[in-house]
Structure formats: structure tokens, C-alpha cells
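> Would you mind keeping the following structure in view while I ask a few things?
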Amino acid sequence: MAKSTDWKKNISQSLKLRNKKERHEFADLIESQNKLFEQVASLKTRNMQLTIETERLKSDNLSLQIRADSGGGGGGPGGSEKVALLEQRLWKLSEELTEMHRRRGENAQQIIDLTAAMKEKEKELQTKDAKLMDALAVENSLRAEMKHLERTITELEATNQTLKDEHQALQMAFTSLEEKFRKLQSDNDELMARWLQQKMEQAEVLNRENDNFIKHRQLLLQKELAEAAKENVNVPEGDENIRGIPQICLSASIPTKAQCKLDAHDGEVNAVLWSPTGSMFATGGSDRKIKLWDYNAGQCSCKGMLTGSNAGITSLEYDLDESHILGASNDYACRLWSIADQRLRHTLTGHSGKVLSAKFLGENSKVVSGSHDRTLKIWDLHTKACIKTIFAGSSCNDLVTLHGTHIISGHFDKRVRFWDTKSDNTSNEIGLHGRITSLALSPDRTSLLVCTREDTLKVIDLRQNQVIYTLCDDNFKVGYDWSRAVFSPDGTYACAGSSDGTLFIWNIARGKVEKTLKEHTHSILACSWHPAGSYILSSEKQKKVVLWSDI
């Protein structure tokens, strides 16, 4: 009831305020109209009186005329004067009546004008009434909305209070979790310190193993050299490669010219590789073939062709005794051929993407392959089955093996990862600034040459796990994600091909380009340095293989 009384009072106050504001506009008009009505009333009364007086005078005049006519002028002078007075009085009354009619017409016109003005004012009043009603309706709507908003504010305040309570509870939980986090971080720092210490110890063990491997290799080499020195060997004149005996490179020489050029395949030549003894080399192309070549007296001749792949060959690898050759291909498989009879021995399938690299792991009984499907697989050649799958997390473009138990892989996500085959997790990784296209180990197996799509070669010290040299040139451009780079046999130089067909040779210690060789007309995909350090092979996107020499 109080609310009902409030809005009635509000309307009453609004009407009084409106009456107070608009009353003076009509007061003069109403007062003028009232005066006119009073004047008209008085004029009507006067007009009535004059009409009665006129009628009486007309009656008197008529009786006088009758008397004058009947008396024959017997009224005398007195009667004529009376008539004259009456006529004069009648004339005055007639003029007064005419003036009254004129004034009546003027008053009527004023009444009409005032009536029209009053109607205009009434229209304005109606318009303002309508506006007032609209304003009242808007006011009522706003009041209702205000009440709704007040209810909403009340609800929001209650919700805000709830949120404050929850925030306080969360703050307390956060403080507790922060304390736990600090404790866990402290534990993590301690574990990291222990892990780093363990990694340092593992690095020391790896270095010792590497040193032992090098010493063992040197002892074997010395033994073989000693045994070879005891034998009498007739070397035909002009035979530059002693077959079956590993080549020793004391100092690599830089080729200066193209000694031999050949169309090796019907398309891209993705891989080229000298054998460990340097007695022959192999090429692999997009025509799905591997070709074996002899080089003698400055001439290259094809000695065999290995078939069986269903897609282009992507990489090649000889075993240590040169009895088998391993090839990876784009048909999701890698294969092993025997060189003597040129027969396909094993087909290893299981990847779901292109196999971009395959290498022997330790002895010749195991193989590791890296694929575009982001996995590495280890294969047992005795059972022809995959014995382990490593999920690398990124497409593998190349890999190398170390000491028979360690794998180093280069990936599309710009990272070099180190794997221990005894565990499933990466033991270390190094991030670079470009996609990895190839990896190559130095002859002493202490350095890693990494080719990247940022048009640089990186030399990584495997004992320190850090980049120690960066090789680049303004004109050197890496053409493909599978472009290969190699060390020289003495570890002094690095060699890689550019997208414009130029072969670049860097002096690693100086970090500068030592030589550029230009014979190719298309992007160079792969290169291989002869074990004796005297020749370089390079292959390009369009059929051609070039053998470079300093002779």
C-alpha cells in the first residue's frame, strides 16, 4: 500500500508542477477571452435595449405620421419639431446600432482568433500530456529495471562474497602448494645436481670407452700393417687401391678438378658412398636402384646393380668387411644386399613413413633405422625382426652409431638427440637453429658434423656436448632436408654441396672455405670423401655423379 501511495503522490506532484509551469502561458489568453465574453454580453444587452428603443421610436414615429396625415398638419409647429427630434434621435440610434454591429463583428473575429489560438494551445497541451505519459511510462520502466538491477546487485554481492571466500580458500591452498613446490624444487635441484654428476661420470666413461676404442683400432691397424709388411705383395703398376686393406689417411688432399663425370641414375642421386677400403663406391637413386662402381685409372665403371626396392633409395651403408650393403628407401623399409652375388638378403619393414637413414649398429648383426614416422627402430638381422622401437618425437632425417650401443639422431624439430640402446629415453639432446639434414662422425669419433637448413654446418664436441665450430658462407645454401655433409678422413676438412651445384670445402680449424668446386648444374644432394683422402664423390638432383681429384 505504501508503494501505491508513493506513485500516486509522485503523479500528483508531477501534475502540480506541470500546472505551475504551464499555467502562465494560458492565463492571459483566458483572461482576455473572459473580458471579451463580458463585452459581448454587455453589447448584446445594449443591443437589445437599442432594438427595443428603436422599435418604440418606430412605433412613435408611425403614430405621429398617422396623426400628421389625419390631422392635416393640425399638430402645428410643435408636432413637426417633435418629429424632427425623433428622426434625429432615430438617426443617432441607427449610427450607434451600426457601430455596435461593427464592434460585434470585430469582437467575433477576436473570439475566432482566440478560439484558434486556444485550440493550438490545447493541441500543445495534448502533445505535452502524451509526452508526459510517455515519460511516466519510461519512468515506471526504469523504476522496474532499477529494482531488477538492485536484485541483480544483491545477487552479485552474494556471489562476490562466495568468490571471495573461495579465493581465500584457494589462496590458502596455493600457499600450501607453493610450499610443497619449493620443497619439490629443492629436491629437483638436488636431483639435477646428482644427475649432472652422473652425466659427467657417464661422459668420462664414454670418453674412456672412446679412447679404448681408438687404441684398440690403432692396435688392430698396427697388427694388420705388421702382418701386411711381412707378406710379399705384387702391386700392379697403376693400381691405386689395394683391395681389402683399409686405407690410411695421414693428410687429406683437396681436389681441384672433376676427374670423372657419369650419369649414374635415371633421376635424383640421393646417396653416394665410398667403401671402407676405398676399392669401390655405391650410389642410390630415385630410380629404386643401387649401383656398385669401380674406379681405376681415372675411369668409373658399373660393376653391378642391386634391385628390390619399391621406391627411391635415401641412404647407403657398407659393413666393415664390405660383404654387405644396407640401403634405406622411401617405401617405408630398409634392405640388406650381399655384394658378392648382388642378391637381396633381408627386407626390414615396420615403419609407417619414409626411412631416411639406416646404419649398422655395432656388429653386423644389428641395424638401426630412422624414419619420417618419428621413430627409430633397431633390427636383429638373425631373426629379421624389430627388437626395439624408440619414439623420437620428430621426423628423423639422419643418424649415426657410436661404440655399438649409442645412437645419435638428427631431427626435423632442429634437435640432435643422443640415445643409449639400453634405455628407452634420450640421454641428452642439443637444440640448433635449423632443421637437421645430416650427421657425420669424425674419424676419431669425438666430433659430430651437423648440416642444417639454416645454411650452416655445426661441429659438436661429443665430450663437451656443445658446438665448437660453425661453418658457413654467403653463397652456401642447403637445398633439401636430406642434403648430406662429410668429414675428410683426417678430420681436417668438412665438405657439403650447395643448392646451386657448388661443392664447398671448409678448413674446420680456421672456420673458412678452403675450396669451391663447380661442375654440377643442379642442387648437390650427397658427397663422400675417399678413405685415403685423395678423392671426393658428389651427386646431384639430376642423374650426375662427379668424382673430384687433385691429380
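Please note that chains go A, B, ... in the order of the C-alpha cells, that every chain numbers its residues from 1, and that ligands are numbered from 1 in the order shown.
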If you count only C-alpha atoms, which residues fall within 8 Å of region 193-210 of chain A, apart from same-chain ones fewer than 2 positions away, as a compact mmCIF listing (two decimals) with all heavy atoms, in the first residue's frame?


# COMPACT_ATOMS: atom_id res chain seq x y z
N ASP A 189 66.43 -29.65 -7.57
CA ASP A 189 67.78 -29.12 -7.70
C ASP A 189 68.81 -30.13 -7.23
O ASP A 189 69.86 -30.32 -7.86
CB ASP A 189 67.90 -27.82 -6.89
CG ASP A 189 67.06 -26.70 -7.48
OD1 ASP A 189 66.72 -26.80 -8.68
OD2 ASP A 189 66.74 -25.74 -6.74
N GLU A 190 68.47 -30.78 -6.13
CA GLU A 190 69.39 -31.80 -5.62
C GLU A 190 69.53 -32.95 -6.61
O GLU A 190 70.64 -33.42 -6.89
CB GLU A 190 68.88 -32.31 -4.27
CG GLU A 190 69.79 -33.34 -3.63
CD GLU A 190 69.25 -33.82 -2.30
OE1 GLU A 190 68.22 -33.27 -1.84
OE2 GLU A 190 69.85 -34.75 -1.72
N LEU A 191 68.36 -33.39 -7.17
CA LEU A 191 68.39 -34.48 -8.16
C LEU A 191 69.14 -34.05 -9.42
O LEU A 191 69.87 -34.85 -10.01
CB LEU A 191 66.96 -34.90 -8.51
CG LEU A 191 66.20 -35.65 -7.42
CD1 LEU A 191 64.75 -35.87 -7.84
CD2 LEU A 191 66.86 -37.00 -7.14
N ASN A 212 89.64 -46.07 -25.51
CA ASN A 212 89.97 -47.50 -25.62
C ASN A 212 89.68 -48.02 -27.02
O ASN A 212 90.43 -48.84 -27.57
CB ASN A 212 89.18 -48.31 -24.59
CG ASN A 212 89.62 -48.02 -23.17
OD1 ASN A 212 90.77 -47.63 -22.94
ND2 ASN A 212 88.72 -48.20 -22.20
N PHE A 213 88.54 -47.53 -27.59
CA PHE A 213 88.19 -47.97 -28.94
C PHE A 213 89.24 -47.52 -29.95
O PHE A 213 89.67 -48.27 -30.82
CB PHE A 213 86.81 -47.39 -29.32
CG PHE A 213 86.38 -47.71 -30.73
CD1 PHE A 213 85.83 -48.93 -31.04
CD2 PHE A 213 86.55 -46.76 -31.74
CE1 PHE A 213 85.44 -49.21 -32.34
CE2 PHE A 213 86.16 -47.04 -33.03
CZ PHE A 213 85.60 -48.27 -33.34
N ILE A 214 89.67 -46.24 -29.79
CA ILE A 214 90.69 -45.72 -30.71
C ILE A 214 92.01 -46.49 -30.54
O ILE A 214 92.67 -46.86 -31.52
CB ILE A 214 90.89 -44.22 -30.47
CG1 ILE A 214 89.61 -43.45 -30.86
CG2 ILE A 214 92.08 -43.69 -31.26
CD1 ILE A 214 89.65 -41.99 -30.48
N HIS A 403 80.12 -46.62 -30.73
CA HIS A 403 80.52 -47.67 -29.79
C HIS A 403 79.55 -48.86 -29.78
O HIS A 403 79.58 -49.66 -28.83
CB HIS A 403 80.64 -47.12 -28.36
CG HIS A 403 81.51 -45.92 -28.25
ND1 HIS A 403 82.73 -45.81 -28.89
CD2 HIS A 403 81.33 -44.74 -27.60
CE1 HIS A 403 83.27 -44.65 -28.63
NE2 HIS A 403 82.44 -43.96 -27.85
N ARG A 445 86.04 -40.09 -33.87
CA ARG A 445 84.72 -40.31 -33.24
C ARG A 445 84.51 -39.43 -31.99
O ARG A 445 83.76 -39.79 -31.09
CB ARG A 445 84.52 -41.79 -32.89
CG ARG A 445 84.77 -42.71 -34.05
CD ARG A 445 84.62 -44.15 -33.67
NE ARG A 445 83.23 -44.54 -33.63
CZ ARG A 445 82.47 -44.85 -34.69
NH1 ARG A 445 83.00 -44.80 -35.90
NH2 ARG A 445 81.22 -45.19 -34.55
N THR A 446 85.19 -38.30 -31.97
CA THR A 446 85.00 -37.36 -30.86
C THR A 446 84.19 -36.13 -31.26
O THR A 446 83.82 -35.33 -30.41
CB THR A 446 86.34 -36.89 -30.30
OG1 THR A 446 87.07 -36.22 -31.34
CG2 THR A 446 87.15 -38.06 -29.78
N ARG A 463 82.46 -34.82 -26.37
CA ARG A 463 82.88 -34.92 -24.98
C ARG A 463 82.31 -33.79 -24.14
O ARG A 463 82.05 -33.93 -22.95
CB ARG A 463 84.41 -34.92 -24.90
CG ARG A 463 85.04 -36.18 -25.50
CD ARG A 463 86.52 -36.03 -25.72
NE ARG A 463 86.82 -35.02 -26.74
CZ ARG A 463 88.02 -34.78 -27.24
NH1 ARG A 463 89.05 -35.51 -26.83
NH2 ARG A 463 88.21 -33.85 -28.15

> Would you pick out the contacts of region 101-116 of chain A at 8 Å or less, using only C-alpha atoms, so that residues sharing its chain but fewer than 3 positions from it are not included, and give the list as a PDB file with N, CA, C and O atoms, in the first residue's frame?


ATOM      1  N   LEU A  29      -4.513  34.537 -21.989  1.00  0.00           N
ATOM      2  CA  LEU A  29      -5.498  34.163 -23.005  1.00  0.00           C
ATOM      3  C   LEU A  29      -6.880  33.976 -22.373  1.00  0.00           C
ATOM      4  O   LEU A  29      -7.906  34.465 -22.884  1.00  0.00           O
ATOM      5  N   GLN A  33     -10.109  36.274 -22.995  1.00  0.00           N
ATOM      6  CA  GLN A  33     -11.348  35.671 -23.505  1.00  0.00           C
ATOM      7  C   GLN A  33     -12.519  35.985 -22.574  1.00  0.00           C
ATOM      8  O   GLN A  33     -13.637  36.259 -23.037  1.00  0.00           O
ATOM      9  N   LEU A  36     -13.640  39.501 -23.234  1.00  0.00           N
ATOM     10  CA  LEU A  36     -14.388  39.566 -24.484  1.00  0.00           C
ATOM     11  C   LEU A  36     -15.803  39.043 -24.305  1.00  0.00           C
ATOM     12  O   LEU A  36     -16.771  39.606 -24.836  1.00  0.00           O
ATOM     13  N   VAL A  40     -19.029  41.142 -24.956  1.00  0.00           N
ATOM     14  CA  VAL A  40     -20.081  40.673 -25.878  1.00  0.00           C
ATOM     15  C   VAL A  40     -21.427  40.624 -25.157  1.00  0.00           C
ATOM     16  O   VAL A  40     -22.469  41.000 -25.722  1.00  0.00           O
ATOM     17  N   LEU A  43     -22.616  44.089 -24.819  1.00  0.00           N
ATOM     18  CA  LEU A  43     -23.052  44.568 -26.139  1.00  0.00           C
ATOM     19  C   LEU A  43     -24.390  43.950 -26.518  1.00  0.00           C
ATOM     20  O   LEU A  43     -25.268  44.644 -27.101  1.00  0.00           O
ATOM     21  N   LEU A  97     -26.302  51.774 -33.422  1.00  0.00           N
ATOM     22  CA  LEU A  97     -26.528  50.345 -33.691  1.00  0.00           C
ATOM     23  C   LEU A  97     -25.514  49.822 -34.698  1.00  0.00           C
ATOM     24  O   LEU A  97     -24.965  48.719 -34.565  1.00  0.00           O
ATOM     25  N   THR A  98     -25.258  50.656 -35.738  1.00  0.00           N
ATOM     26  CA  THR A  98     -24.249  50.238 -36.748  1.00  0.00           C
ATOM     27  C   THR A  98     -22.885  50.060 -36.108  1.00  0.00           C
ATOM     28  O   THR A  98     -22.156  49.096 -36.387  1.00  0.00           O
ATOM     29  N   LYS A 119      -7.204  26.447 -29.400  1.00  0.00           N
ATOM     30  CA  LYS A 119      -7.101  25.076 -29.928  1.00  0.00           C
ATOM     31  C   LYS A 119      -5.634  24.667 -30.127  1.00  0.00           C
ATOM     32  O   LYS A 119      -5.251  23.523 -29.841  1.00  0.00           O
ATOM     33  N   GLU A 120      -4.839  25.629 -30.623  1.00  0.00           N
ATOM     34  CA  GLU A 120      -3.409  25.329 -30.780  1.00  0.00           C
ATOM     35  C   GLU A 120      -2.778  25.005 -29.434  1.00  0.00           C
ATOM     36  O   GLU A 120      -1.991  24.068 -29.297  1.00  0.00           O
TER      37      GLU A 120
END

> How far is it from CA of Arg417 (chain A) to CA of Ile290 (chain A), in Å with one decimal?

29.3 Å

> Near Gly431 (chain A), counting only C-alpha atoms, which residues have an atom at most 7 Å away, once you skip same-chain residues fewer than 3 positions from it, shown as number ranges by chain?

A: 414-416

> Give me, as a ChimeraX atom specification, all polymer residues having an atom no more than 8 Å from Gly501 (chain A), counting only C-alpha atoms and skipping those fewer than 5 positions away in the same chain.

/A:518-524,540

> Take the selection from the previous step and output its residues with N, CA and C atoms, as a PDB file, in the first residue's frame.


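Output file selection.pdb is given in full below:
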ATOM      1  N   LYS A 518      82.969 -26.318 -58.911  1.00  0.00           N
ATOM      2  CA  LYS A 518      81.716 -26.131 -59.650  1.00  0.00           C
ATOM      3  C   LYS A 518      81.737 -26.964 -60.921  1.00  0.00           C
ATOM      4  N   GLU A 519      80.866 -27.959 -60.935  1.00  0.00           N
ATOM      5  CA  GLU A 519      80.683 -28.772 -62.138  1.00  0.00           C
ATOM      6  C   GLU A 519      79.217 -29.149 -62.308  1.00  0.00           C
ATOM      7  N   HIS A 520      78.535 -29.249 -61.178  1.00  0.00           N
ATOM      8  CA  HIS A 520      77.114 -29.617 -61.208  1.00  0.00           C
ATOM      9  C   HIS A 520      76.277 -28.412 -61.650  1.00  0.00           C
ATOM     10  N   THR A 521      75.151 -28.721 -62.271  1.00  0.00           N
ATOM     11  CA  THR A 521      74.216 -27.671 -62.687  1.00  0.00           C
ATOM     12  C   THR A 521      72.940 -27.694 -61.853  1.00  0.00           C
ATOM     13  N   HIS A 522      72.819 -28.671 -60.979  1.00  0.00           N
ATOM     14  CA  HIS A 522      71.654 -28.777 -60.095  1.00  0.00           C
ATOM     15  C   HIS A 522      72.125 -28.952 -58.657  1.00  0.00           C
ATOM     16  N   SER A 523      71.190 -28.889 -57.732  1.00  0.00           N
ATOM     17  CA  SER A 523      71.500 -28.966 -56.308  1.00  0.00           C
ATOM     18  C   SER A 523      72.221 -30.269 -55.964  1.00  0.00           C
ATOM     19  N   ILE A 524      73.319 -30.156 -55.200  1.00  0.00           N
ATOM     20  CA  ILE A 524      74.069 -31.333 -54.754  1.00  0.00           C
ATOM     21  C   ILE A 524      73.364 -31.927 -53.531  1.00  0.00           C
ATOM     22  N   GLU A 540      74.058 -35.234 -57.561  1.00  0.00           N
ATOM     23  CA  GLU A 540      73.120 -34.128 -57.683  1.00  0.00           C
ATOM     24  C   GLU A 540      71.703 -34.621 -57.925  1.00  0.00           C
TER      25      GLU A 540
END

> What is the CA of Thr426 (chain A) to CA of Phe391 (chain A) distance in Å?

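Pair CA of Thr426 (chain A) / CA of Phe391 (chain A) returns 9.6 Å.
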
> Taking 5 positions as the minimum chain separation for residues in the same chain, which residues sit within 10 Å of region 307-314 of chain A when counting only C-alpha atoms? Answer as a ChimeraX atom specification.

/A:267-272,283-291,327-335,337,342-344,347,354-358,397-398,482
